[in-house]
>>> print(open('model_37.cif').read())   # mmCIF, C-alpha atoms and all ligand atoms
data_model
loop_
_atom_site.label_atom_id
_atom_site.label_comp_id
_atom_site.auth_asym_id
_atom_site.auth_seq_id
_atom_site.Cartn_x
_atom_site.Cartn_y
_atom_site.Cartn_z
CA MET A 30 129.66 97.35 111.86
CA ALA A 31 132.26 96.73 114.59
CA ILE A 32 130.94 97.25 118.09
CA LYS A 33 133.19 99.35 120.30
CA ASN A 34 132.89 99.67 124.05
CA ASN A 35 130.45 102.49 123.62
CA VAL A 36 127.22 103.16 125.49
CA ILE A 37 124.00 104.38 123.94
CA ILE A 38 121.61 106.32 126.12
CA ALA A 39 117.98 106.80 125.08
CA GLY A 40 116.72 110.13 126.47
CA ALA A 41 118.64 113.24 127.53
CA GLY A 42 116.63 114.00 130.67
CA PRO A 43 118.27 114.37 134.10
CA VAL A 44 119.04 110.64 134.40
CA GLY A 45 120.45 110.16 130.88
CA CYS A 46 122.60 113.27 131.25
CA VAL A 47 124.11 112.31 134.61
CA ALA A 48 124.90 108.77 133.38
CA ALA A 49 126.53 110.29 130.27
CA LEU A 50 128.71 112.56 132.41
CA ILE A 51 130.10 109.67 134.47
CA LEU A 52 130.79 107.51 131.41
CA SER A 53 132.37 110.41 129.52
CA ASN A 54 134.59 111.30 132.49
CA ALA A 55 135.87 107.71 132.32
CA GLY A 56 136.72 108.08 128.62
CA ILE A 57 133.87 105.85 127.41
CA PRO A 58 132.21 106.97 124.14
CA VAL A 59 128.55 107.86 124.66
CA THR A 60 125.72 108.66 122.24
CA LEU A 61 122.57 110.22 123.67
CA LEU A 62 119.52 109.82 121.45
CA GLU A 63 116.94 112.47 122.33
CA ALA A 64 113.51 112.58 120.68
CA GLU A 65 113.08 116.34 121.03
CA ALA A 66 114.85 119.03 119.00
CA GLY A 67 116.81 120.13 122.08
CA LEU A 68 116.93 119.60 125.84
CA ILE A 69 113.40 119.90 127.18
CA GLN A 70 112.57 122.90 129.37
CA ASP A 71 109.53 121.82 131.37
CA LEU A 72 108.64 122.64 134.94
CA ARG A 73 108.68 119.27 136.61
CA ALA A 74 110.98 118.25 139.46
CA SER A 75 112.70 121.05 141.34
CA THR A 76 113.84 119.39 144.58
CA PHE A 77 117.38 118.03 145.00
CA HIS A 78 117.82 116.01 148.20
CA PRO A 79 121.08 115.89 150.23
CA PRO A 80 122.41 112.53 148.89
CA SER A 81 121.84 113.66 145.29
CA LEU A 82 123.75 116.87 146.02
CA ASP A 83 126.57 114.86 147.63
CA MET A 84 126.78 112.56 144.58
CA LEU A 85 126.57 115.39 142.06
CA ASP A 86 129.24 117.28 144.00
CA GLU A 87 131.74 114.53 143.17
CA LEU A 88 131.04 115.29 139.50
CA GLY A 89 131.47 119.05 139.95
CA VAL A 90 127.77 119.68 139.28
CA THR A 91 126.42 120.76 142.69
CA PRO A 92 128.10 124.20 142.91
CA LYS A 93 126.60 125.06 139.50
CA LEU A 94 123.13 124.03 140.72
CA ILE A 95 123.54 126.01 143.94
CA GLU A 96 124.37 129.13 141.84
CA ARG A 97 121.08 128.63 140.00
CA GLY A 98 118.92 127.40 142.88
CA LEU A 99 117.52 128.20 146.28
CA ILE A 100 118.67 126.52 149.49
CA THR A 101 115.76 125.46 151.70
CA PRO A 102 116.93 124.08 155.06
CA SER A 103 113.50 123.33 156.57
CA ILE A 104 110.35 121.46 155.68
CA GLN A 105 107.00 122.18 157.22
CA TYR A 106 103.96 120.00 157.88
CA ARG A 107 100.82 122.09 158.08
CA ASP A 108 97.08 121.58 158.24
CA LEU A 109 94.79 123.71 156.10
CA ASP A 110 92.48 124.40 159.05
CA ASP A 111 94.97 124.40 161.93
CA GLY A 112 98.08 126.02 160.37
CA LEU A 113 101.64 125.03 161.21
CA VAL A 114 101.94 121.61 162.86
CA ALA A 115 105.68 120.85 162.79
CA GLU A 116 108.89 122.02 161.14
CA PHE A 117 112.08 120.01 160.61
CA ASP A 118 115.46 121.58 159.93
CA HIS A 119 118.07 119.58 157.98
CA ALA A 120 120.74 121.13 160.24
CA LEU A 121 119.93 118.15 162.49
CA ILE A 122 121.55 115.81 159.95
CA ALA A 123 124.56 118.03 159.15
CA ASP A 124 126.88 115.24 160.37
CA GLU A 125 125.42 112.84 157.76
CA THR A 126 125.74 114.91 154.56
CA ASN A 127 127.75 117.78 153.11
CA HIS A 128 124.48 119.37 151.98
CA PRO A 129 122.08 119.52 154.94
CA TYR A 130 119.20 121.10 153.01
CA ARG A 131 116.97 120.67 150.01
CA LEU A 132 118.03 122.64 146.97
CA GLN A 133 115.18 123.93 144.84
CA CYS A 134 116.43 124.13 141.27
CA GLU A 135 114.41 123.17 138.19
CA GLN A 136 115.47 119.91 136.54
CA PHE A 137 116.05 121.58 133.17
CA LYS A 138 118.89 123.56 134.76
CA LEU A 139 120.63 120.27 135.59
CA THR A 140 120.45 118.98 132.01
CA ARG A 141 121.77 122.29 130.66
CA VAL A 142 124.64 122.35 133.16
CA ILE A 143 125.66 118.78 132.23
CA HIS A 144 125.23 119.42 128.50
CA ASP A 145 127.68 122.32 128.78
CA MET A 146 130.12 120.23 130.85
CA LEU A 147 130.03 117.54 128.13
CA GLU A 148 130.80 119.98 125.30
CA PRO A 149 134.59 119.36 125.34
CA PHE A 150 134.25 115.55 125.21
CA GLY A 151 134.92 114.55 121.58
CA ASP A 152 133.54 111.02 122.11
CA THR A 153 130.22 112.18 123.59
CA GLU A 154 127.46 113.08 121.20
CA PHE A 155 123.93 114.43 121.75
CA ARG A 156 121.75 113.44 118.77
CA PHE A 157 118.56 115.51 118.91
CA ASN A 158 115.42 114.77 116.83
CA ALA A 159 116.40 111.11 117.30
CA ARG A 160 113.40 109.16 118.61
CA VAL A 161 114.23 105.60 119.65
CA THR A 162 111.76 103.19 118.04
CA GLY A 163 113.17 99.81 119.04
CA ALA A 164 116.13 97.91 120.46
CA SER A 165 117.51 94.41 120.14
CA GLN A 166 120.62 92.64 121.38
CA THR A 167 122.99 89.73 120.92
CA GLY A 168 125.65 88.48 123.32
CA GLU A 169 128.02 90.96 121.66
CA GLY A 170 126.08 94.20 121.74
CA VAL A 171 122.90 96.16 121.12
CA THR A 172 121.24 97.61 118.03
CA VAL A 173 119.07 100.66 118.55
CA ALA A 174 116.64 101.85 115.88
CA TYR A 175 115.60 105.49 115.84
CA SER A 176 113.72 107.86 113.58
CA THR A 177 114.94 111.29 112.50
CA PRO A 178 113.34 113.98 110.30
CA ASP A 179 115.53 112.57 107.47
CA GLY A 180 114.51 108.94 107.91
CA ASP A 181 115.17 105.88 110.02
CA GLU A 182 118.63 105.06 111.36
CA GLU A 183 120.34 102.40 113.45
CA ILE A 184 123.21 102.60 115.87
CA PHE A 185 125.25 99.83 117.49
CA GLY A 186 126.77 99.78 120.95
CA ALA A 187 128.02 97.64 123.77
CA TYR A 188 125.19 98.63 126.14
CA LEU A 189 121.95 100.61 125.99
CA ILE A 190 120.52 102.54 128.93
CA GLY A 191 116.83 103.37 128.62
CA CYS A 192 116.40 106.79 130.25
CA ASP A 193 113.49 107.61 127.96
CA GLY A 194 110.93 108.41 130.62
CA SER A 195 107.75 106.77 131.88
CA ARG A 196 106.53 105.66 128.44
CA SER A 197 109.93 104.14 127.70
CA VAL A 198 110.20 102.55 124.26
CA VAL A 199 113.31 100.74 125.49
CA ARG A 200 111.32 99.10 128.32
CA LYS A 201 108.54 98.12 125.92
CA SER A 202 111.03 96.79 123.34
CA GLN A 203 112.17 94.23 125.92
CA GLY A 204 108.64 93.28 126.96
CA ILE A 205 109.32 94.41 130.54
CA GLU A 206 106.12 94.83 132.55
CA PHE A 207 105.45 98.11 134.36
CA ALA A 208 103.05 97.02 137.09
CA GLY A 209 101.35 99.37 139.52
CA PHE A 210 98.35 101.69 139.59
CA THR A 211 97.04 105.07 138.51
CA TYR A 212 95.57 107.46 141.10
CA PRO A 213 91.86 108.19 140.72
CA GLU A 214 92.39 111.96 140.67
CA GLN A 215 94.35 114.50 138.62
CA PHE A 216 97.13 116.73 139.93
CA VAL A 217 97.38 120.45 139.17
CA THR A 218 100.53 122.53 139.57
CA ILE A 219 100.27 126.29 139.58
CA SER A 220 103.25 128.64 139.70
CA VAL A 221 102.92 132.20 140.97
CA PRO A 222 105.56 134.91 141.42
CA GLU A 223 103.99 136.38 144.58
CA PRO A 224 106.07 135.81 147.78
CA VAL A 225 103.75 133.44 149.62
CA ASP A 226 105.89 133.67 152.79
CA ARG A 227 105.03 137.36 153.03
CA ILE A 228 101.35 136.71 152.36
CA VAL A 229 101.22 133.96 155.02
CA PRO A 230 104.00 135.09 157.40
CA ASP A 231 104.85 131.71 158.96
CA MET A 232 104.76 129.82 155.62
CA GLY A 233 107.94 127.82 154.99
CA HIS A 234 109.72 127.38 151.66
CA VAL A 235 108.64 123.73 151.51
CA ALA A 236 105.24 123.04 153.06
CA TYR A 237 103.00 119.97 153.01
CA ILE A 238 99.48 121.12 153.85
CA SER A 239 97.04 118.39 154.83
CA HIS A 240 93.31 118.41 154.15
CA PRO A 241 90.87 115.63 153.11
CA THR A 242 90.17 117.17 149.69
CA GLU A 243 92.26 120.33 149.33
CA TRP A 244 95.69 119.13 150.45
CA CYS A 245 98.66 120.79 148.83
CA ALA A 246 102.43 120.65 148.49
CA LEU A 247 103.86 124.16 148.29
CA ILE A 248 107.42 124.72 147.11
CA HIS A 249 109.41 127.90 146.74
CA ALA A 250 111.45 127.41 143.56
CA PRO A 251 114.03 130.08 142.65
CA ASP A 252 111.73 132.19 140.46
CA PHE A 253 108.24 131.34 141.72
CA TRP A 254 106.14 129.51 144.29
CA ARG A 255 104.54 126.31 143.12
CA PHE A 256 101.28 124.88 144.46
CA LEU A 257 100.48 121.24 143.74
CA PHE A 258 96.97 120.02 144.58
CA PRO A 259 94.43 117.38 143.49
CA ILE A 260 91.25 117.83 141.49
CA PRO A 261 88.56 115.25 140.70
CA MET A 262 89.20 112.97 137.71
CA GLU A 263 85.99 114.12 136.00
CA MET A 264 87.00 117.82 135.85
CA THR A 265 87.97 118.98 132.38
CA ARG A 266 91.12 120.96 131.67
CA GLU A 267 88.95 124.01 130.98
CA GLU A 268 87.21 123.73 134.36
CA ALA A 269 90.48 123.08 136.19
CA PHE A 270 92.15 126.15 134.68
CA ASP A 271 89.14 128.44 135.02
CA GLU A 272 90.53 131.65 136.53
CA THR A 273 87.85 132.01 139.25
CA TYR A 274 88.21 128.35 140.27
CA LEU A 275 92.01 128.61 140.46
CA GLN A 276 91.96 131.86 142.42
CA ASP A 277 89.51 130.28 144.91
CA ARG A 278 91.76 127.25 145.39
CA LEU A 279 94.89 129.39 145.84
CA HIS A 280 93.14 131.77 148.26
CA ARG A 281 91.99 128.85 150.39
CA LEU A 282 95.60 127.73 150.67
CA ALA A 283 97.21 131.15 151.10
CA PRO A 284 94.55 133.83 151.69
CA TRP A 285 95.18 137.46 150.73
CA ASP A 286 93.21 140.35 149.28
CA SER A 287 94.62 140.42 145.73
CA ALA A 288 94.57 138.06 142.78
CA TYR A 289 97.52 135.71 142.24
CA SER A 290 99.34 136.03 138.91
CA VAL A 291 99.22 132.50 137.60
CA ASN A 292 102.17 132.27 135.23
CA HIS A 293 102.41 128.52 134.68
CA LYS A 294 99.97 125.64 135.11
CA THR A 295 99.98 121.93 134.40
CA LEU A 296 97.43 119.16 134.78
CA TYR A 297 98.46 115.51 134.83
CA GLY A 298 97.62 112.01 135.93
CA VAL A 299 99.92 110.22 138.36
CA ASN A 300 101.03 106.59 138.47
CA GLN A 301 102.87 104.41 140.95
CA ARG A 302 104.71 101.78 138.90
CA VAL A 303 107.98 99.84 138.94
CA ALA A 304 109.47 97.82 136.07
CA GLU A 305 109.63 94.07 136.73
CA THR A 306 113.39 94.14 136.06
CA TYR A 307 115.95 96.89 135.44
CA ARG A 308 118.17 94.62 133.31
CA LYS A 309 117.72 92.45 130.26
CA GLY A 310 121.19 91.41 129.15
CA ARG A 311 122.93 94.50 127.75
CA ILE A 312 119.85 96.67 128.02
CA LEU A 313 119.26 98.57 131.27
CA LEU A 314 116.55 100.87 132.59
CA ALA A 315 117.00 103.91 134.84
CA GLY A 316 114.88 106.81 136.09
CA ASP A 317 111.23 107.18 135.05
CA ALA A 318 111.70 104.38 132.52
CA ALA A 319 112.15 102.08 135.53
CA HIS A 320 109.83 103.62 138.14
CA VAL A 321 107.27 106.40 138.55
CA ASN A 322 105.63 107.74 141.69
CA ASN A 323 103.62 110.69 142.92
CA PRO A 324 105.62 113.91 143.39
CA LEU A 325 104.98 114.21 147.16
CA GLY A 326 108.38 114.18 148.80
CA GLY A 327 110.28 114.99 145.58
CA MET A 328 111.64 111.46 145.14
CA GLY A 329 111.08 110.74 141.43
CA MET A 330 113.97 112.57 139.87
CA ASN A 331 116.25 112.01 142.88
CA GLY A 332 115.69 108.24 142.81
CA GLY A 333 116.36 108.35 139.07
CA LEU A 334 119.63 110.20 139.58
CA HIS A 335 120.69 107.60 142.13
CA ASP A 336 119.96 104.87 139.54
CA GLY A 337 121.88 106.65 136.80
CA ILE A 338 124.93 107.24 139.00
CA ASN A 339 124.94 103.68 140.39
CA LEU A 340 124.58 102.13 136.93
CA ALA A 341 127.11 104.34 135.12
CA ASN A 342 129.77 103.64 137.77
CA LYS A 343 129.20 99.90 137.31
CA LEU A 344 129.41 100.15 133.50
CA VAL A 345 132.74 101.98 133.85
CA ARG A 346 134.16 99.08 135.86
CA ILE A 347 132.80 96.48 133.43
CA ILE A 348 134.03 98.27 130.30
CA ARG A 349 137.47 98.74 131.87
CA GLY A 350 137.57 94.97 132.40
CA GLU A 351 137.66 95.25 136.20
CA GLU A 352 134.41 93.29 136.66
CA SER A 353 132.24 90.87 134.68
CA ASP A 354 128.88 92.10 133.55
CA ASP A 355 127.25 90.07 136.33
CA LEU A 356 127.72 93.35 138.18
CA LEU A 357 124.67 94.60 136.28
CA ASP A 358 122.52 92.12 138.18
CA ARG A 359 123.67 93.86 141.34
CA TYR A 360 122.40 97.14 139.87
CA ASP A 361 118.94 95.55 139.61
CA ARG A 362 119.26 94.01 143.07
CA GLN A 363 120.29 97.30 144.64
CA ARG A 364 118.00 99.78 142.93
CA ARG A 365 114.74 97.93 142.25
CA PRO A 366 113.86 97.00 145.87
CA ILE A 367 114.56 100.57 146.96
CA ALA A 368 112.06 101.83 144.40
CA VAL A 369 109.45 99.36 145.67
CA GLU A 370 110.04 99.27 149.42
CA TYR A 371 111.26 102.79 149.97
CA VAL A 372 110.24 105.33 147.29
CA GLN A 373 106.88 103.77 146.39
CA ALA A 374 106.02 103.09 150.04
CA GLN A 375 107.07 106.57 151.22
CA THR A 376 105.30 108.51 148.45
CA ILE A 377 102.10 106.47 148.87
CA ARG A 378 102.27 107.16 152.63
CA ASN A 379 102.93 110.88 152.05
CA LYS A 380 99.75 111.19 149.99
CA LYS A 381 97.71 109.14 152.47
CA ASN A 382 98.81 111.34 155.37
CA LEU A 383 98.04 114.55 153.49
CA GLU A 384 94.52 113.47 152.50
CA GLU A 385 93.47 111.71 155.74
CA LYS A 386 89.69 111.95 155.98
CA ASP A 387 89.07 110.68 159.50
CA PRO A 388 89.26 113.71 161.86
CA ALA A 389 90.46 111.54 164.76
CA VAL A 390 93.31 110.04 162.72
CA ARG A 391 94.18 113.48 161.36
CA LYS A 392 94.36 114.89 164.90
CA ARG A 393 96.43 111.92 166.13
CA ARG A 394 98.86 112.38 163.26
CA GLN A 395 99.24 116.07 164.12
CA ASP A 396 99.94 115.24 167.78
CA GLU A 397 102.53 112.65 166.72
CA LEU A 398 104.26 115.12 164.41
CA ARG A 399 104.36 117.79 167.14
CA ALA A 400 105.87 115.27 169.57
CA VAL A 401 108.49 114.19 167.01
CA ALA A 402 109.42 117.82 166.30
CA GLU A 403 110.16 118.34 170.01
CA ASP A 404 112.51 115.35 170.08
CA ALA A 405 115.82 115.89 168.25
CA GLY A 406 116.52 112.15 167.89
CA LYS A 407 113.12 111.39 166.36
CA SER A 408 113.35 114.46 164.13
CA ARG A 409 116.67 113.17 162.81
CA GLU A 410 115.02 109.85 161.96
CA ILE A 411 112.31 111.62 159.97
CA LEU A 412 114.88 113.70 158.09
CA MET A 413 117.10 110.68 157.33
CA GLN A 414 114.04 109.07 155.79
CA THR A 415 112.57 112.04 153.88
CA SER A 416 115.99 113.18 152.61
CA MET A 417 116.50 109.68 151.08
CA ILE A 418 119.78 109.12 152.97
CA TYR A 419 118.46 105.89 154.51
CA GLY A 420 117.24 104.64 151.13
CA VAL A 421 120.59 105.26 149.45
CA ARG A 422 122.53 103.60 152.29
CA LYS A 423 120.24 100.59 152.27
CA SER A 424 120.68 100.23 148.53
CA GLU A 425 124.49 100.51 148.72
CA ALA A 426 124.61 97.79 151.39
CA ILE A 427 122.96 95.22 149.07
CA GLN A 428 125.49 92.79 147.55
C1 LIG B 1 104.16 117.27 135.60
C2 LIG B 1 105.22 116.56 136.39
C3 LIG B 1 105.67 117.10 137.61
C4 LIG B 1 106.67 116.46 138.33
N1 LIG B 1 107.09 117.00 139.51
C5 LIG B 1 108.04 116.37 140.22
C6 LIG B 1 108.53 116.88 141.47
O1 LIG B 1 108.04 117.91 141.95
N2 LIG B 1 109.52 116.20 142.11
C7 LIG B 1 110.10 115.05 141.60
O2 LIG B 1 111.04 114.47 142.18
N3 LIG B 1 109.66 114.55 140.44
C8 LIG B 1 108.67 115.19 139.75
N4 LIG B 1 108.28 114.69 138.57
C9 LIG B 1 108.99 113.51 138.06
C10 LIG B 1 110.33 113.93 137.48
O3 LIG B 1 110.14 114.98 136.58
C11 LIG B 1 110.94 112.70 136.83
O4 LIG B 1 111.13 111.72 137.83
C12 LIG B 1 112.27 112.98 136.13
O5 LIG B 1 112.08 113.88 135.06
C13 LIG B 1 112.85 111.67 135.61
O6 LIG B 1 113.96 111.92 134.81
P1 LIG B 1 114.28 110.95 133.60
O7 LIG B 1 115.55 111.49 133.02
O8 LIG B 1 114.21 109.56 134.04
O9 LIG B 1 113.08 111.10 132.57
P2 LIG B 1 112.51 112.42 131.77
O10 LIG B 1 112.85 113.62 132.56
O11 LIG B 1 111.14 112.07 131.49
O12 LIG B 1 113.41 112.42 130.50
C14 LIG B 1 113.20 111.50 129.45
C15 LIG B 1 113.84 112.07 128.20
O13 LIG B 1 113.71 111.09 127.19
C16 LIG B 1 113.21 111.68 126.00
N5 LIG B 1 112.50 110.61 125.28
C17 LIG B 1 111.29 110.09 125.54
N6 LIG B 1 111.01 109.09 124.68
C18 LIG B 1 112.09 108.99 123.86
C19 LIG B 1 112.41 108.15 122.76
N7 LIG B 1 111.56 107.20 122.32
N8 LIG B 1 113.60 108.32 122.16
C20 LIG B 1 114.48 109.26 122.58
N9 LIG B 1 114.23 110.10 123.61
C21 LIG B 1 113.04 109.95 124.24
C22 LIG B 1 112.33 112.81 126.49
O14 LIG B 1 112.14 113.80 125.49
C23 LIG B 1 113.13 113.32 127.68
O15 LIG B 1 114.09 114.27 127.31
C24 LIG B 1 107.25 115.28 137.84
C25 LIG B 1 106.81 114.74 136.63
C26 LIG B 1 105.78 115.36 135.92
C27 LIG B 1 105.30 114.73 134.62
#
>>> encode(input="model_37.cif", output="structure tokens")
Amino acid sequence: MAIKNNVIIAGAGPVGCVAALILSNAGIPVTLLEAEAGLIQDLRASTFHPPSLDMLDELGVTPKLIERGLITPSIQYRDLDDGLVAEFDHALIADETNHPYRLQCEQFKLTRVIHDMLEPFGDTEFRFNARVTGASQTGEGVTVAYSTPDGDEEIFGAYLIGCDGSRSVVRKSQGIEFAGFTYPEQFVTISVPEPVDRIVPDMGHVAYISHPTEWCALIHAPDFWRFLFPIPMEMTREEAFDETYLQDRLHRLAPWDSAYSVNHKTLYGVNQRVAETYRKGRILLAGDAAHVNNPLGGMGMNGGLHDGINLANKLVRIIRGEESDDLLDRYDRQRRPIAVEYVQAQTIRNKKNLEEKDPAVRKRRQDELRAVAEDAGKSREILMQTSMIYGVRKSEAIQ
């Protein structure tokens, strides 16, 4: 079969969808192979950072997310025993971004918005129930094997982007190592509809609550409040989701005299891993297929979106004949170190700070945070880091 200048994308998650939108806007034919019967609707990432909103704005996506989301200008650092420690308002970096806030909006809303935007593009196709099983390449193009309810199929393309999540078949098909580690505890997320900011009057809409064993990240998403906290590895799912146990944990974090209505709960293990390369010839990795990290700081999906946007823009230039495909090495050079030195380092640090066990270190950290919050210049530095603006700029500066 003749190979056109088409791109195949494995996985229609946030990263695959955003890459597809950029390629489609440039008139490049795209086929998205998605294992599930439709776009998945799971409660995972819900934080969009300022640089992601700036990038998605150029694609016409951000206003649609804002309609469906909740703007949260401030982030709080709290201590379970001592209450509010410091609060940082993104207004301080309003001269650095068009979106000086975090937008809370579930990731499945992004994929739906982009799916609808792609509807009119005749050369863009979502193939659902299409599970990628392998990939190979020559100097001319790629062959992607996938299974469907009606049997096995193959598709040919100029390039393949593996956006098929942390267990990426595309990554494995190329023998690319995914080195890193798994945390020795499990993470629980619990969503409740009760307005936690009315139950705990000074509670912010994004709050990181430190404690040696009961730390928590609390996020107000549009339709619920979500608590994320650790439990020991040896606890079973049944024990973790026991109603009395859960109510006790939630009441420790946000005490009140009624029961919370737990309307969604997940239990999962967390890894910190980065692929040894993001490029093998015509096969590229982006998003969770390339890197995974703990959810503290909301950097997983955002970093993935930055990959997808960076890579798709480069593929447009290559396919138009404006650049050689050496440009793809620059994708690896720009995005991989940021995952290692910035996202991995920051998320590992975020967890370490939240769970600090030494009371003296915990107290020193609180004093430092209070001092930073009183200094506008230092607060700006913190926000430039946590909002990922520094990471994106550093990546863009790499040749
Ligand atoms: C429980 C949980 C909570 C999380 N919370 C947060 C958070 O609060 N903040 C944050 O930033 N990040 C969070 N993350 C991470 C975030 O969800 C991911 O970083 C983000 O989804 C990555 O997007 P992606 O498109 O790369 O991959 P995914 O969203 O994983 O999408 C991959 C897509 O590929 C499809 N697929 C998989 N295998 C195949 C195959 N073989 N063939 C075809 N299709 C395939 C899948 O069905 C899926 O649609 C969380 C993750 C989990 C698991």
>>> atom_distance(input="model_37.cif", atom1="atom CA of A:Thr376", atom2="atom CA of A:Thr91")
25.1 Å
>>> closest_atom_pairs(input="model_37.cif", of="chain A", to="ligand LIG 1 (chain B)", cutoff="7 Å", atoms="only C-alpha atoms and all ligand atoms", output="Markdown table")
| residue | atom | partner | partner_atom | distance |
| --- | --- | --- | --- | --- |
| A:Ala39 | CA | B:LIG1 | C20 | 5.0 |
| A:Gly40 | CA | B:LIG1 | O13 | 3.2 |
| A:Ala41 | CA | B:LIG1 | O15 | 4.7 |
| A:Gly42 | CA | B:LIG1 | O12 | 3.6 |
| A:Pro43 | CA | B:LIG1 | O7 | 4.1 |
| A:Val44 | CA | B:LIG1 | O7 | 3.8 |
| A:Gly45 | CA | B:LIG1 | O7 | 5.5 |
| A:Leu62 | CA | B:LIG1 | C20 | 5.2 |
| A:Glu63 | CA | B:LIG1 | N9 | 3.8 |
| A:Ala64 | CA | B:LIG1 | N9 | 3.9 |
| A:Glu65 | CA | B:LIG1 | O14 | 5.2 |
| A:Leu68 | CA | B:LIG1 | O15 | 6.2 |
| A:Ile69 | CA | B:LIG1 | O15 | 5.7 |
| A:Leu72 | CA | B:LIG1 | C3 | 6.8 |
| A:Arg73 | CA | B:LIG1 | C3 | 3.8 |
| A:Ala74 | CA | B:LIG1 | C6 | 3.5 |
| A:Ser75 | CA | B:LIG1 | O1 | 5.7 |
| A:Thr76 | CA | B:LIG1 | N2 | 5.9 |
| A:Ala159 | CA | B:LIG1 | C20 | 5.9 |
| A:Arg160 | CA | B:LIG1 | N8 | 3.7 |
| A:Val161 | CA | B:LIG1 | N8 | 3.8 |
| A:Thr162 | CA | B:LIG1 | N7 | 5.9 |
| A:Cys192 | CA | B:LIG1 | O8 | 5.2 |
| A:Asp193 | CA | B:LIG1 | O13 | 3.6 |
| A:Gly194 | CA | B:LIG1 | O11 | 3.8 |
| A:Ser195 | CA | B:LIG1 | O11 | 6.3 |
| A:Arg196 | CA | B:LIG1 | N6 | 6.8 |
| A:Ser197 | CA | B:LIG1 | N6 | 5.9 |
| A:Val198 | CA | B:LIG1 | N7 | 5.2 |
| A:Thr295 | CA | B:LIG1 | C1 | 6.4 |
| A:Tyr297 | CA | B:LIG1 | C1 | 6.0 |
| A:Ala315 | CA | B:LIG1 | O8 | 6.4 |
| A:Gly316 | CA | B:LIG1 | O8 | 3.5 |
| A:Asp317 | CA | B:LIG1 | O8 | 3.9 |
| A:Ala318 | CA | B:LIG1 | O8 | 6.0 |
| A:Val321 | CA | B:LIG1 | O4 | 6.6 |
| A:Pro324 | CA | B:LIG1 | C6 | 4.6 |
| A:Gly327 | CA | B:LIG1 | O2 | 3.5 |
| A:Met328 | CA | B:LIG1 | O2 | 4.3 |
| A:Gly329 | CA | B:LIG1 | O4 | 3.7 |
| A:Met330 | CA | B:LIG1 | O4 | 3.6 |
| A:Asn331 | CA | B:LIG1 | O2 | 5.8 |
| A:Gly333 | CA | B:LIG1 | O8 | 5.6 |
>>> atom_distance(input="model_37.cif", atom1="atom CA of A:Ser408", atom2="atom CA of A:Ser103")
11.7 Å
>>> closest_residue(input="model_37.cif", among="A:Arg422, A:Lys93, A:Lys392, A:Arg278", to="A:Glu243", atoms="only C-alpha atoms")
A:Arg278
>>> closest_residue(input="model_37.cif", among="A:Asn292, A:Ser424, A:Ser53, A:Gln276", to="A:Glu154", atoms="all atoms listed in the file")
A:Ser53
